[in-house]
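Source file: work-v6.cif. Holds: mmCIF, C-alpha atoms.
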data_work
loop_
_atom_site.label_atom_id
_atom_site.label_comp_id
_atom_site.auth_asym_id
_atom_site.auth_seq_id
_atom_site.Cartn_x
_atom_site.Cartn_y
_atom_site.Cartn_z
CA MET A 1 -19.00 274.10 265.98
CA LYS A 2 -15.25 274.10 265.46
CA HIS A 3 -13.72 271.01 263.84
CA ARG A 4 -10.30 272.10 262.69
CA GLY A 5 -7.91 271.91 265.62
CA ARG A 6 -5.09 273.78 263.90
CA HIS A 7 -2.68 273.20 266.78
CA ARG A 8 -1.81 269.75 265.43
CA ARG A 9 0.04 271.08 262.35
CA ARG A 10 3.47 271.30 263.90
CA LYS A 11 3.10 267.84 265.44
CA GLN A 12 2.10 266.33 262.15
CA GLY A 13 4.34 268.27 259.79
CA ARG A 14 6.22 265.16 258.77
CA ALA A 15 3.00 263.29 257.99
CA LEU A 16 1.75 266.21 255.95
CA ARG A 17 4.95 266.37 253.90
CA ALA A 18 4.68 262.63 253.24
CA PHE A 19 1.06 263.09 252.19
CA LEU A 20 1.96 265.74 249.65
CA ALA A 21 5.02 263.97 248.25
CA GLY A 22 3.28 261.76 245.67
CA THR A 23 5.31 260.32 242.81
CA ALA A 24 4.05 258.99 239.48
CA LEU A 25 2.93 255.38 239.60
CA ALA A 26 4.41 252.88 237.19
CA LEU A 27 1.49 251.26 235.39
CA THR A 28 1.58 247.81 233.86
CA ALA A 29 1.55 247.33 230.11
CA ALA A 30 -2.05 246.25 230.40
CA ALA A 31 -3.00 249.58 231.90
CA THR A 32 -1.55 251.52 228.99
CA MET A 33 -3.20 249.53 226.22
CA ILE A 34 -5.61 251.49 224.05
CA SER A 35 -8.29 249.64 222.14
CA ALA A 36 -8.63 250.13 218.40
CA SER A 37 -12.03 251.71 218.94
CA GLN A 38 -10.49 254.42 221.09
CA ALA A 39 -8.24 255.58 218.28
CA THR A 40 -11.23 256.42 216.12
CA VAL A 41 -13.68 257.88 218.65
CA GLY A 42 -13.59 261.66 218.94
CA ASP A 43 -17.04 262.32 220.50
CA ASP A 44 -16.24 266.01 221.14
CA PRO A 45 -19.02 267.37 223.40
CA GLY A 46 -18.49 270.89 222.08
CA ALA A 47 -19.06 274.16 223.88
CA LEU A 48 -21.41 274.51 226.83
CA LYS A 49 -24.77 276.09 226.03
CA PRO A 50 -26.01 278.39 228.83
CA LEU A 51 -29.53 277.70 230.06
CA ALA A 52 -30.72 281.16 231.00
CA GLY A 53 -33.85 282.35 232.75
CA ALA A 54 -36.68 280.44 234.34
CA ALA A 55 -37.15 278.24 231.27
CA GLY A 56 -33.65 276.85 231.74
CA THR A 57 -33.58 276.42 235.52
CA ASP A 58 -37.16 275.66 236.63
CA ALA A 59 -36.66 271.95 235.98
CA LEU A 60 -33.68 272.00 238.37
CA ARG A 61 -35.56 273.41 241.36
CA LEU A 62 -35.26 271.47 244.61
CA ARG A 63 -37.62 271.24 247.58
CA GLU A 64 -35.98 270.93 250.99
CA ARG A 65 -37.48 268.70 253.67
CA LEU A 66 -35.71 268.36 257.02
CA VAL A 67 -36.37 265.48 259.41
CA PRO A 68 -37.92 266.84 262.65
CA GLU A 69 -35.48 267.11 265.54
CA ALA A 70 -37.92 265.10 267.67
CA THR A 71 -37.60 262.18 265.25
CA LEU A 72 -33.81 262.24 265.34
CA ASP A 73 -33.77 262.62 269.12
CA ARG A 74 -36.13 259.67 269.56
CA LEU A 75 -33.87 257.48 267.43
CA SER A 76 -30.71 258.49 269.29
CA SER A 77 -32.45 258.02 272.62
CA ALA A 78 -33.31 254.45 271.65
CA MET A 79 -29.94 253.61 270.05
CA GLY A 80 -27.61 255.52 272.34
CA LYS A 81 -25.64 258.74 272.09
CA PRO A 82 -24.50 259.48 268.51
CA VAL A 83 -20.79 259.32 267.72
CA GLY A 84 -18.63 261.34 265.34
CA VAL A 85 -16.20 260.58 262.54
CA GLY A 86 -13.32 259.98 264.98
CA ALA A 87 -15.16 257.14 266.70
CA VAL A 88 -15.91 255.53 263.34
CA LEU A 89 -12.25 255.70 262.31
CA GLU A 90 -11.24 254.07 265.58
CA GLY A 91 -13.22 251.04 264.46
CA ALA A 92 -11.41 250.74 261.12
CA GLU A 93 -10.95 247.04 260.41
CA HIS A 94 -10.09 246.83 256.72
CA THR A 95 -6.95 247.86 254.84
CA LEU A 96 -6.67 249.43 251.41
CA ARG A 97 -3.79 247.91 249.44
CA ASP A 98 -1.35 250.37 247.88
CA ALA A 99 -0.56 250.29 244.17
CA ASP A 100 2.12 247.61 244.57
CA GLY A 101 -0.44 245.37 246.22
CA CYS A 102 -3.08 245.82 243.53
CA THR A 103 -3.46 243.08 240.94
CA ALA A 104 -2.62 243.69 237.29
CA ALA A 105 -6.33 243.57 236.50
CA GLU A 106 -7.07 246.20 239.12
CA ARG A 107 -4.35 248.49 237.79
CA THR A 108 -5.87 248.42 234.32
CA GLY A 109 -8.69 250.56 235.74
CA LEU A 110 -6.31 253.49 236.31
CA PRO A 111 -6.07 256.44 233.91
CA VAL A 112 -3.65 256.05 231.03
CA ALA A 113 -2.93 259.79 230.85
CA PRO A 114 -2.35 261.75 232.95
CA ALA A 115 -1.03 259.09 235.31
CA ALA A 116 -2.30 258.68 238.85
CA THR A 117 0.19 259.65 241.56
CA ARG A 118 -1.64 257.69 244.26
CA ALA A 119 -3.59 254.46 243.88
CA TYR A 120 -5.14 251.97 246.29
CA CYS A 121 -7.32 248.90 245.97
CA TRP A 122 -10.19 247.90 248.22
CA ASP A 123 -10.49 244.74 250.28
CA ALA A 124 -11.93 242.32 247.70
CA GLY A 125 -13.86 240.27 250.26
CA ASP A 126 -15.42 243.30 251.93
CA THR A 127 -16.56 244.87 248.64
CA ARG A 128 -17.84 241.70 246.98
CA SER A 129 -21.43 242.28 245.74
CA TRP A 130 -20.98 246.07 246.17
CA GLN A 131 -20.59 248.61 243.35
CA ALA A 132 -18.34 251.66 243.85
CA GLY A 133 -20.17 254.96 243.55
CA ALA A 134 -18.74 258.29 244.68
CA VAL A 135 -15.80 259.90 246.50
CA THR A 136 -15.54 262.96 248.73
CA THR A 137 -12.93 263.97 251.30
CA SER A 138 -12.21 266.13 254.32
CA GLY A 139 -10.77 268.49 251.71
CA ASP A 140 -14.41 269.18 250.81
CA ALA A 141 -15.54 269.31 254.43
CA ASP A 142 -13.07 271.99 255.52
CA ASP A 143 -10.81 274.16 253.40
CA ASP A 144 -7.69 273.12 255.35
CA GLY A 145 -8.38 269.46 254.52
CA TRP A 146 -8.53 268.22 258.13
CA TRP A 147 -11.40 266.87 260.19
CA ASN A 148 -10.19 267.30 263.75
CA ASP A 149 -6.91 265.33 263.81
CA HIS A 150 -7.55 263.25 260.69
CA ARG A 151 -7.53 263.49 256.95
CA VAL A 152 -10.45 261.42 255.72
CA ILE A 153 -11.71 259.98 252.44
CA LEU A 154 -15.35 258.89 252.14
CA SER A 155 -16.24 256.35 249.46
CA GLY A 156 -19.85 255.51 248.58
CA TRP A 157 -21.02 252.03 247.59
CA SER A 158 -24.29 250.49 246.42
CA GLN A 159 -25.13 246.85 246.79
CA ASP A 160 -25.64 245.08 243.47
CA GLY A 161 -29.26 245.76 242.57
CA GLY A 162 -29.34 249.04 244.54
CA SER A 163 -31.06 247.63 247.63
CA LEU A 164 -28.51 249.06 250.10
CA ALA A 165 -26.01 251.94 250.19
CA ARG A 166 -23.07 252.48 252.49
CA VAL A 167 -20.19 254.88 253.03
CA SER A 168 -16.66 253.70 253.78
CA PHE A 169 -14.73 256.00 256.15
CA VAL A 170 -11.03 255.93 255.26
CA ASP A 171 -8.42 257.24 257.68
CA ALA A 172 -6.02 258.99 255.27
CA THR A 173 -3.86 260.69 257.91
CA ASP A 174 -1.03 258.30 257.02
CA MET A 175 -1.13 257.83 253.25
CA ASP A 176 1.13 254.80 253.53
CA GLN A 177 -1.52 252.90 255.49
CA LEU A 178 -5.16 253.54 254.69
CA LEU A 179 -7.60 251.83 257.06
CA TYR A 180 -11.38 251.96 256.76
CA THR A 181 -14.73 250.83 258.07
CA SER A 182 -18.25 251.40 256.73
CA ALA A 183 -21.61 252.79 257.86
CA LEU A 184 -24.96 251.92 256.30
CA LEU A 185 -27.02 254.83 254.97
CA VAL A 186 -30.53 254.72 256.39
CA VAL A 187 -33.67 256.84 256.65
CA PRO A 188 -35.62 257.25 259.95
CA VAL A 189 -39.23 256.00 259.85
CA ASP A 190 -42.16 255.83 262.26
CA GLY A 191 -41.15 259.05 263.96
CA GLY A 192 -37.67 257.75 264.78
CA ARG A 193 -38.79 254.43 266.22
CA ASP A 194 -37.08 252.56 263.39
CA TYR A 195 -35.10 253.09 260.18
CA ARG A 196 -35.07 251.67 256.67
CA PRO A 197 -32.20 251.42 254.17
CA MET A 198 -31.56 254.07 251.55
CA THR A 199 -32.41 252.14 248.40
CA SER A 200 -31.28 254.51 245.63
CA ARG A 201 -28.09 253.76 243.71
CA LEU A 202 -25.35 256.08 244.96
CA THR A 203 -23.72 258.06 242.13
CA GLY A 204 -22.63 261.27 243.83
CA MET A 205 -21.57 262.49 247.26
CA VAL A 206 -20.27 265.74 248.82
CA TRP A 207 -19.10 266.25 252.41
CA TYR A 208 -19.50 269.93 253.26
CA GLN A 209 -18.99 271.21 256.80
CA ASP A 210 -20.85 268.73 259.04
CA LYS A 211 -23.21 267.42 256.34
CA LEU A 212 -22.93 264.67 253.73
CA LEU A 213 -25.11 265.11 250.63
CA VAL A 214 -25.77 261.89 248.71
CA THR A 215 -27.52 261.46 245.35
CA ALA A 216 -30.87 259.72 245.31
CA GLY A 217 -31.92 259.68 241.65
CA ASP A 218 -34.53 262.45 241.89
CA GLY A 219 -32.68 264.46 244.52
CA LEU A 220 -30.35 264.28 247.48
CA TYR A 221 -30.36 262.78 250.96
CA VAL A 222 -28.66 264.78 253.71
CA TYR A 223 -26.69 263.15 256.55
CA ASP A 224 -25.19 264.74 259.66
CA LEU A 225 -21.72 263.33 260.38
CA ASP A 226 -22.12 264.17 264.05
CA ARG A 227 -25.10 261.79 264.19
CA VAL A 228 -23.51 258.42 263.38
CA GLN A 229 -25.16 255.68 265.46
CA ARG A 230 -23.67 252.40 266.66
CA THR A 231 -25.56 249.18 266.01
CA THR A 232 -26.05 246.49 268.65
CA VAL A 233 -26.90 243.41 266.58
CA ASP A 234 -24.75 241.66 263.96
CA SER A 235 -27.28 240.33 261.45
CA ALA A 236 -28.39 240.74 257.85
CA ALA A 237 -31.47 242.70 258.98
CA VAL A 238 -31.72 246.49 258.66
CA GLY A 239 -33.52 248.33 261.43
CA ARG A 240 -34.93 247.46 264.81
CA THR A 241 -35.00 243.77 265.67
CA GLY A 242 -36.23 241.88 268.67
CA SER A 243 -32.82 242.07 270.28
CA GLY A 244 -31.58 245.53 269.19
CA TRP A 245 -30.48 247.49 266.14
CA SER A 246 -28.97 245.96 262.99
CA ALA A 247 -27.36 247.33 259.80
CA HIS A 248 -26.67 244.37 257.54
CA GLY A 249 -23.68 243.32 259.63
CA LEU A 250 -22.11 246.80 259.87
CA ASP A 251 -21.19 248.44 263.17
CA PHE A 252 -22.53 251.88 262.26
CA VAL A 253 -25.54 253.52 260.64
CA LEU A 254 -25.91 257.06 259.36
CA PRO A 255 -29.55 258.25 259.56
CA ALA A 256 -30.73 260.90 257.09
CA VAL A 257 -31.54 264.30 258.58
CA GLY A 258 -33.17 265.70 255.47
CA SER A 259 -33.62 265.52 251.72
CA TYR A 260 -33.86 267.63 248.58
CA ARG A 261 -36.19 266.54 245.79
CA LEU A 262 -36.28 267.76 242.20
CA THR A 263 -39.76 269.17 241.67
CA GLY A 264 -39.70 270.88 238.27
CA ARG A 265 -41.20 269.58 235.05
CA ASP A 266 -38.67 267.78 232.83
CA ALA A 267 -36.51 267.23 235.93
CA PRO A 268 -33.25 265.38 235.19
CA ARG A 269 -32.08 262.15 236.73
CA LEU A 270 -29.37 263.30 239.09
CA GLY A 271 -25.92 261.82 238.45
CA ALA A 272 -22.64 263.17 239.85
CA VAL A 273 -22.12 266.01 242.34
CA SER A 274 -19.04 267.83 243.65
CA LEU A 275 -18.03 270.91 245.63
CA ASP A 276 -16.77 274.15 244.09
CA ARG A 277 -14.94 276.45 246.52
CA SER A 278 -13.97 278.92 243.77
CA THR A 279 -17.43 280.56 243.86
CA ALA A 280 -18.88 282.91 246.48
CA PRO A 281 -20.62 281.38 248.31
CA ASP A 282 -19.33 277.83 247.89
CA SER A 283 -21.55 275.81 245.57
CA LEU A 284 -22.72 272.28 244.84
CA VAL A 285 -22.09 271.24 241.24
CA ALA A 286 -24.35 268.60 239.66
CA SER A 287 -24.71 266.69 236.39
CA GLU A 288 -27.54 264.85 234.71
CA TRP A 289 -27.29 261.09 234.26
CA THR A 290 -27.60 259.86 230.66
CA ALA A 291 -26.61 256.53 229.08
CA PRO A 292 -23.00 256.34 227.77
CA ASP A 293 -24.16 255.15 224.36
CA GLY A 294 -27.12 257.51 224.16
CA ASP A 295 -27.43 260.62 222.03
CA GLY A 296 -29.24 262.67 224.68
CA HIS A 297 -27.49 265.80 225.92
CA ALA A 298 -26.83 266.27 229.65
CA ARG A 299 -27.32 269.30 231.86
CA LEU A 300 -24.70 270.71 234.24
CA TRP A 301 -25.68 273.14 236.98
CA ARG A 302 -24.94 274.47 240.46
CA TYR A 303 -26.70 275.40 243.71
CA ALA A 304 -25.33 277.85 246.29
CA PHE A 305 -24.69 276.67 249.84
CA SER A 306 -26.34 278.57 252.67
CA LYS A 307 -24.30 281.20 254.54
CA ASP A 308 -26.62 281.02 257.57
CA PRO A 309 -24.57 279.70 260.56
CA ALA A 310 -27.71 277.92 261.78
CA ARG A 311 -27.84 275.93 258.50
CA THR A 312 -24.33 274.52 258.25
CA GLY A 313 -23.82 272.26 255.25
CA LEU A 314 -27.28 272.93 253.79
CA LEU A 315 -28.18 274.55 250.48
CA ALA A 316 -29.49 278.10 250.22
CA ALA A 317 -33.29 277.81 250.36
CA ASP A 318 -36.02 280.44 250.43
CA GLY A 319 -38.69 280.68 253.12
CA ALA A 320 -40.77 278.01 251.40
CA GLY A 321 -37.88 275.54 251.24
CA ALA A 322 -37.23 275.99 247.51
CA VAL A 323 -33.65 275.80 246.20
CA ARG A 324 -32.98 277.21 242.75
CA ALA A 325 -30.04 276.57 240.44
CA VAL A 326 -27.85 279.66 240.17
CA GLU A 327 -26.18 278.58 236.92
CA ALA A 328 -26.99 275.92 234.32
CA TYR A 329 -25.65 274.62 230.99
CA GLU A 330 -26.30 271.95 228.42
CA THR A 331 -23.48 269.76 227.15
CA GLN A 332 -23.54 267.42 224.18
CA ALA A 333 -21.77 264.85 226.36
CA SER A 334 -23.53 261.65 227.37
CA GLY A 335 -22.59 259.16 230.06
CA VAL A 336 -21.34 261.83 232.50
CA GLU A 337 -20.21 260.11 235.70
CA GLY A 338 -18.00 262.79 237.22
CA VAL A 339 -18.15 266.58 237.24
CA LEU A 340 -15.99 269.38 238.69
CA SER A 341 -16.11 273.11 238.21
CA ARG A 342 -13.25 275.49 239.01
CA ARG A 343 -12.84 279.19 238.40
CA ALA A 344 -9.26 280.18 237.66
CA PRO A 345 -7.85 283.02 239.82
CA GLY A 346 -8.65 286.38 238.27
CA SER A 347 -11.28 284.90 235.95
CA ASP A 348 -15.04 285.37 236.06
CA ARG A 349 -15.69 282.16 234.11
CA SER A 350 -15.54 278.56 235.30
CA GLY A 351 -14.09 275.56 233.52
CA TRP A 352 -16.16 272.39 233.83
CA TYR A 353 -14.36 269.04 234.03
CA VAL A 354 -16.54 266.19 232.79
CA GLY A 355 -15.66 262.52 233.27
CA ARG A 356 -17.45 260.29 230.78
CA ALA A 357 -18.03 256.56 231.02
CA PRO A 358 -16.69 254.32 228.24
CA ALA A 359 -19.15 253.31 225.57
CA ARG A 360 -19.72 249.59 224.88
CA THR A 361 -16.86 249.44 222.37
CA ASP A 362 -14.36 251.43 224.48
CA ARG A 363 -11.91 250.30 227.12
CA HIS A 364 -11.45 253.54 229.07
CA GLY A 365 -13.54 256.59 229.83
CA SER A 366 -12.60 260.16 228.90
CA LEU A 367 -12.03 263.42 230.74
CA TRP A 368 -12.97 266.73 229.13
CA ARG A 369 -12.74 270.36 230.19
CA GLN A 370 -15.56 272.44 228.76
CA ASP A 371 -16.63 276.07 228.76
CA THR A 372 -18.76 278.25 226.51
CA ASP A 373 -15.95 278.40 223.93
CA GLY A 374 -15.39 274.67 223.39
CA ALA A 375 -13.95 271.47 224.85
CA GLU A 376 -10.57 269.77 225.23
CA ALA A 377 -9.82 266.20 226.30
CA THR A 378 -6.85 264.47 227.85
CA ARG A 379 -5.41 262.32 225.06
CA CYS A 380 -3.06 259.37 224.72
CA GLY A 381 -1.59 256.91 222.23
CA THR A 382 -0.18 257.53 218.80
CA GLU A 383 -3.60 258.58 217.49
CA GLY A 384 -4.19 261.06 220.31
CA ALA A 385 -7.43 259.36 221.32
CA PRO A 386 -9.52 260.87 224.15
CA ARG A 387 -10.36 257.59 225.90
CA CYS A 388 -7.57 257.87 228.48
CA TRP A 389 -9.34 258.24 231.83
CA GLY A 390 -10.30 255.44 234.23
CA MET A 391 -12.06 252.32 233.00
CA GLY A 392 -14.99 253.27 235.19
CA ALA A 393 -15.20 257.05 234.94
CA GLY A 394 -16.30 257.56 238.60
CA SER A 395 -17.05 260.76 240.48
CA LEU A 396 -14.50 263.57 240.84
CA SER A 397 -13.52 265.36 244.05
CA TYR A 398 -10.95 268.16 244.26
CA TRP A 399 -8.82 268.34 247.44
CA GLU A 400 -7.83 272.00 247.40
CA ALA A 401 -5.15 271.80 250.13
CA THR A 402 -3.17 269.19 248.14
CA GLY A 403 -4.16 270.12 244.58
CA GLU A 404 -5.33 266.55 243.86
CA VAL A 405 -8.41 265.23 242.11
CA TRP A 406 -9.66 261.99 243.69
CA SER A 407 -11.75 259.45 241.85
CA GLN A 408 -12.60 255.78 241.79
CA SER A 409 -12.49 253.29 238.94
CA GLY A 410 -14.18 250.08 240.00
CA ARG A 411 -12.38 248.90 243.12
CA THR A 412 -9.40 251.18 242.56
CA LEU A 413 -9.20 254.52 244.40
CA PHE A 414 -6.77 257.03 242.90
CA ALA A 415 -5.61 260.66 242.82
CA VAL A 416 -4.23 262.81 239.99
CA PRO A 417 -2.86 266.35 240.50
CA LEU A 418 -5.15 268.93 238.92
CA ARG A 419 -2.10 270.65 237.44
CA SER A 420 -1.31 267.41 235.55
CA ILE A 421 -4.85 267.30 234.19
CA ASP A 422 -4.69 270.94 233.11
CA ALA A 423 -1.27 270.41 231.50
CA ALA A 424 -2.68 267.47 229.51
CA LEU A 425 -5.62 269.61 228.39
CA ASP A 426 -3.66 272.70 227.32
#
Structure encoded using structure tokens:
Amino acid sequence: MKHRGRHRRRKQGRALRAFLAGTALALTAAATMISASQATVGDDPGALKPLAGAAGTDALRLRERLVPEATLDRLSSAMGKPVGVGAVLEGAEHTLRDADGCTAAERTGLPVAPAATRAYCWDAGDTRSWQAGAVTTSGDADDDGWWNDHRVILSGWSQDGGSLARVSFVDATDMDQLLYTSALLVVPVDGGRDYRPMTSRLTGMVWYQDKLLVTAGDGLYVYDLDRVQRTTVDSAAVGRTGSGWSAHGLDFVLPAVGSYRLTGRDAPRLGAVSLDRSTAPDSLVASEWTAPDGDGHARLWRYAFSKDPARTGLLAADGAGAVRAVEAYETQASGVEGVLSRRAPGSDRSGWYVGRAPARTDRHGSLWRQDTDGAEATRCGTEGAPRCWGMGAGSLSYWEATGEVWSQSGRTLFAVPLRSIDAALD
């Protein structure tokens, strides 16, 4: 399946140049304030400790389970022909406000240093009672950053209490006007005769090729972005009703096509995930969830993606459906809410970027780069404190074609060039 459509580059050269031409945002005084507690908190997570051999990786083993094609076909037969990402974007009905349209309170969620070069705020009415979770982009899906004729940002949300999860599809082709609509994440039941909501809190998300992998506490759900279904009933119900198909008032649902479950003893609670294109093959990077104020250490690890063309977007599994971590570490960091891993050109060692949530006494989160030699943080203020990242230290997603790291702090979506992060760390 070919999704790129490279012929559109000349037609959209101007739009691409506008997309890349980000300038530093002027933050309000409130956004640059640093609490007194930040000036005294060092919380250096130290060097990464490799977890070698079976003893270190057995707990990270996944078991793959794919939904039978007959189940998916039965659901699509009942609901109608599935649609793709383009059809969802055509239904975009909400607008993201640019930085000038964000309130002062919303701008306080942005990083203090390094500064964001793009920032947007979500429709307050549409996101009321929803908690922002994770971010991934068409820069993850395809290495040229396009999905057919669009650049796309996907933002994950969980309803307060974790009873529902949805993904907002943002048309980012024109960065001066971001429009979006949302699809509810669901799981087929009764052999495809109905579906139920995904009820796990969404903390991580990666769009790779035609698949979307979403955290589910003890594993991952897998969604096929060529299998989005339209709903037919506008109601608060989720699933089949007497008069049709409903998704809590949303126009689209995304049914799961598979899952990966952690099966090892001492298995972690899965937190953030991201894509690393600097490995061969490409890999899924993951972090363990721990409380921000806890003293428990977190694990960081990776799984390889499959190179089998019949398994696009899926992880590399053996004949029994087992997926093993190919690399794992322990960090002294707690409260990890975002993770990236990048291998510098010419190097055989990766640097791990770890976004940490603020503790109870802190205003902002922190961003560290770790390896087996030590750790460095972005710092700010006269005391050089490390609490300089977003107020909510959300997930991290690297858009390779533009060199930007995308994240989300509460209801503020933002991007920071990776080169700016590295410069602040060196």
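Proximity of A:Arg269, A:Arg349, A:Arg324, A:Arg387 to A:Gln370, computed with only C-alpha atoms, is greatest for A:Arg349.
Here the question is which of A:Gly219, A:Gly355, A:Gly313, A:Gly244 gets nearest to A:Thr231 using all atoms listed in the file, and that residue is A:Gly244.
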Selection result for the PyMOL selection byres ((chain A and resi 292) around 8) on this file, as JSON, numbers by chain: {"A": [290, 291, 293, 294, 334, 335, 336, 356, 357, 358, 359]}
Identify the residues around (-33.8, 268.2, 236.6) within a radius of 6 Å, measuring from only C-alpha atoms in the coordinates stated by the file, and give them as a CSV table (one decimal) with C-alpha atoms, in the frame of the given file.
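Result saved to out33.csv:
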chain,number,residue,atom,x,y,z
A,59,ALA,CA,-36.7,272.0,236.0
A,60,LEU,CA,-33.7,272.0,238.4
A,267,ALA,CA,-36.5,267.2,235.9
A,268,PRO,CA,-33.2,265.4,235.2
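Among the candidate residues A:Val189, A:Val326, A:Gly53, A:Tyr120, the one lying nearest to A:Arg107 is A:Tyr120, with distances computed using all atoms listed in the file.
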Test item: the PyMOL selection byres ((chain A and resi 209) around 10) resolved as a PyMOL selection string: chain A and resi 1-3+138+140-143+147+206-208+210-212+224-225+312-314
Within 12 Å of A:Val214, counting all atoms listed in the file, which residues show up once you throw out same-chain ones fewer than 3 positions away? Write them as a PDB file with C-alpha atoms, in the coordinates of the input, please.
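Saved file result26.pdb follows:
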ATOM      1  CA  GLY A 133     -20.170 254.960 243.550  1.00  0.00           C
ATOM      2  CA  ALA A 134     -18.740 258.290 244.680  1.00  0.00           C
ATOM      3  CA  VAL A 135     -15.800 259.900 246.500  1.00  0.00           C
ATOM      4  CA  THR A 136     -15.540 262.960 248.730  1.00  0.00           C
ATOM      5  CA  LEU A 154     -15.350 258.890 252.140  1.00  0.00           C
ATOM      6  CA  SER A 155     -16.240 256.350 249.460  1.00  0.00           C
ATOM      7  CA  GLY A 156     -19.850 255.510 248.580  1.00  0.00           C
ATOM      8  CA  TRP A 157     -21.020 252.030 247.590  1.00  0.00           C
ATOM      9  CA  SER A 158     -24.290 250.490 246.420  1.00  0.00           C
ATOM     10  CA  ALA A 165     -26.010 251.940 250.190  1.00  0.00           C
ATOM     11  CA  ARG A 166     -23.070 252.480 252.490  1.00  0.00           C
ATOM     12  CA  VAL A 167     -20.190 254.880 253.030  1.00  0.00           C
ATOM     13  CA  LEU A 185     -27.020 254.830 254.970  1.00  0.00           C
ATOM     14  CA  VAL A 186     -30.530 254.720 256.390  1.00  0.00           C
ATOM     15  CA  MET A 198     -31.560 254.070 251.550  1.00  0.00           C
ATOM     16  CA  THR A 199     -32.410 252.140 248.400  1.00  0.00           C
ATOM     17  CA  SER A 200     -31.280 254.510 245.630  1.00  0.00           C
ATOM     18  CA  ARG A 201     -28.090 253.760 243.710  1.00  0.00           C
ATOM     19  CA  LEU A 202     -25.350 256.080 244.960  1.00  0.00           C
ATOM     20  CA  THR A 203     -23.720 258.060 242.130  1.00  0.00           C
ATOM     21  CA  GLY A 204     -22.630 261.270 243.830  1.00  0.00           C
ATOM     22  CA  MET A 205     -21.570 262.490 247.260  1.00  0.00           C
ATOM     23  CA  VAL A 206     -20.270 265.740 248.820  1.00  0.00           C
ATOM     24  CA  TRP A 207     -19.100 266.250 252.410  1.00  0.00           C
ATOM     25  CA  TYR A 208     -19.500 269.930 253.260  1.00  0.00           C
ATOM     26  CA  LYS A 211     -23.210 267.420 256.340  1.00  0.00           C
ATOM     27  CA  GLY A 217     -31.920 259.680 241.650  1.00  0.00           C
ATOM     28  CA  ASP A 218     -34.530 262.450 241.890  1.00  0.00           C
ATOM     29  CA  GLY A 219     -32.680 264.460 244.520  1.00  0.00           C
ATOM     30  CA  LEU A 220     -30.350 264.280 247.480  1.00  0.00           C
ATOM     31  CA  TYR A 221     -30.360 262.780 250.960  1.00  0.00           C
ATOM     32  CA  VAL A 222     -28.660 264.780 253.710  1.00  0.00           C
ATOM     33  CA  TYR A 223     -26.690 263.150 256.550  1.00  0.00           C
ATOM     34  CA  ASP A 224     -25.190 264.740 259.660  1.00  0.00           C
ATOM     35  CA  LEU A 254     -25.910 257.060 259.360  1.00  0.00           C
ATOM     36  CA  ALA A 256     -30.730 260.900 257.090  1.00  0.00           C
ATOM     37  CA  VAL A 257     -31.540 264.300 258.580  1.00  0.00           C
ATOM     38  CA  GLY A 258     -33.170 265.700 255.470  1.00  0.00           C
ATOM     39  CA  SER A 259     -33.620 265.520 251.720  1.00  0.00           C
ATOM     40  CA  TYR A 260     -33.860 267.630 248.580  1.00  0.00           C
ATOM     41  CA  ARG A 261     -36.190 266.540 245.790  1.00  0.00           C
ATOM     42  CA  LEU A 270     -29.370 263.300 239.090  1.00  0.00           C
ATOM     43  CA  GLY A 271     -25.920 261.820 238.450  1.00  0.00           C
ATOM     44  CA  ALA A 272     -22.640 263.170 239.850  1.00  0.00           C
ATOM     45  CA  VAL A 273     -22.120 266.010 242.340  1.00  0.00           C
ATOM     46  CA  SER A 274     -19.040 267.830 243.650  1.00  0.00           C
ATOM     47  CA  LEU A 284     -22.720 272.280 244.840  1.00  0.00           C
ATOM     48  CA  ALA A 286     -24.350 268.600 239.660  1.00  0.00           C
TER      49      ALA A 286
END
Among listed residues A:Met175, A:Leu275, A:Leu48, A:Val228, nearest A:Ala298 (using all atoms listed in the file): A:Leu48
Point-to-point distance in Å for atom CA of A:Arg379 and atom CA of A:Gly296: 23.8 Å
Mind listing as a compact mmCIF listing (two decimals) with C-alpha atoms, in the coordinates of the input all residues within 10 Å of (-9.4, 254.0, 238.6), counting all atoms listed in the file?
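New file part-v1.txt:
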# COMPACT_ATOMS: atom_id res chain seq x y z
CA GLU A 106 -7.07 246.20 239.12
CA ARG A 107 -4.35 248.49 237.79
CA THR A 108 -5.87 248.42 234.32
CA GLY A 109 -8.69 250.56 235.74
CA LEU A 110 -6.31 253.49 236.31
CA PRO A 111 -6.07 256.44 233.91
CA VAL A 112 -3.65 256.05 231.03
CA ALA A 116 -2.30 258.68 238.85
CA ALA A 119 -3.59 254.46 243.88
CA TYR A 120 -5.14 251.97 246.29
CA CYS A 121 -7.32 248.90 245.97
CA HIS A 364 -11.45 253.54 229.07
CA TRP A 389 -9.34 258.24 231.83
CA GLY A 390 -10.30 255.44 234.23
CA MET A 391 -12.06 252.32 233.00
CA GLY A 392 -14.99 253.27 235.19
CA ALA A 393 -15.20 257.05 234.94
CA GLY A 394 -16.30 257.56 238.60
CA TRP A 406 -9.66 261.99 243.69
CA SER A 407 -11.75 259.45 241.85
CA GLN A 408 -12.60 255.78 241.79
CA SER A 409 -12.49 253.29 238.94
CA GLY A 410 -14.18 250.08 240.00
CA ARG A 411 -12.38 248.90 243.12
CA THR A 412 -9.40 251.18 242.56
CA LEU A 413 -9.20 254.52 244.40
CA PHE A 414 -6.77 257.03 242.90
CA ALA A 415 -5.61 260.66 242.82
Residue IDs satisfying the PyMOL selection byres ((chain A and resi 80) around 12), as a PyMOL selection string: chain A and resi 72-79+81-83+227-232+244-245+252
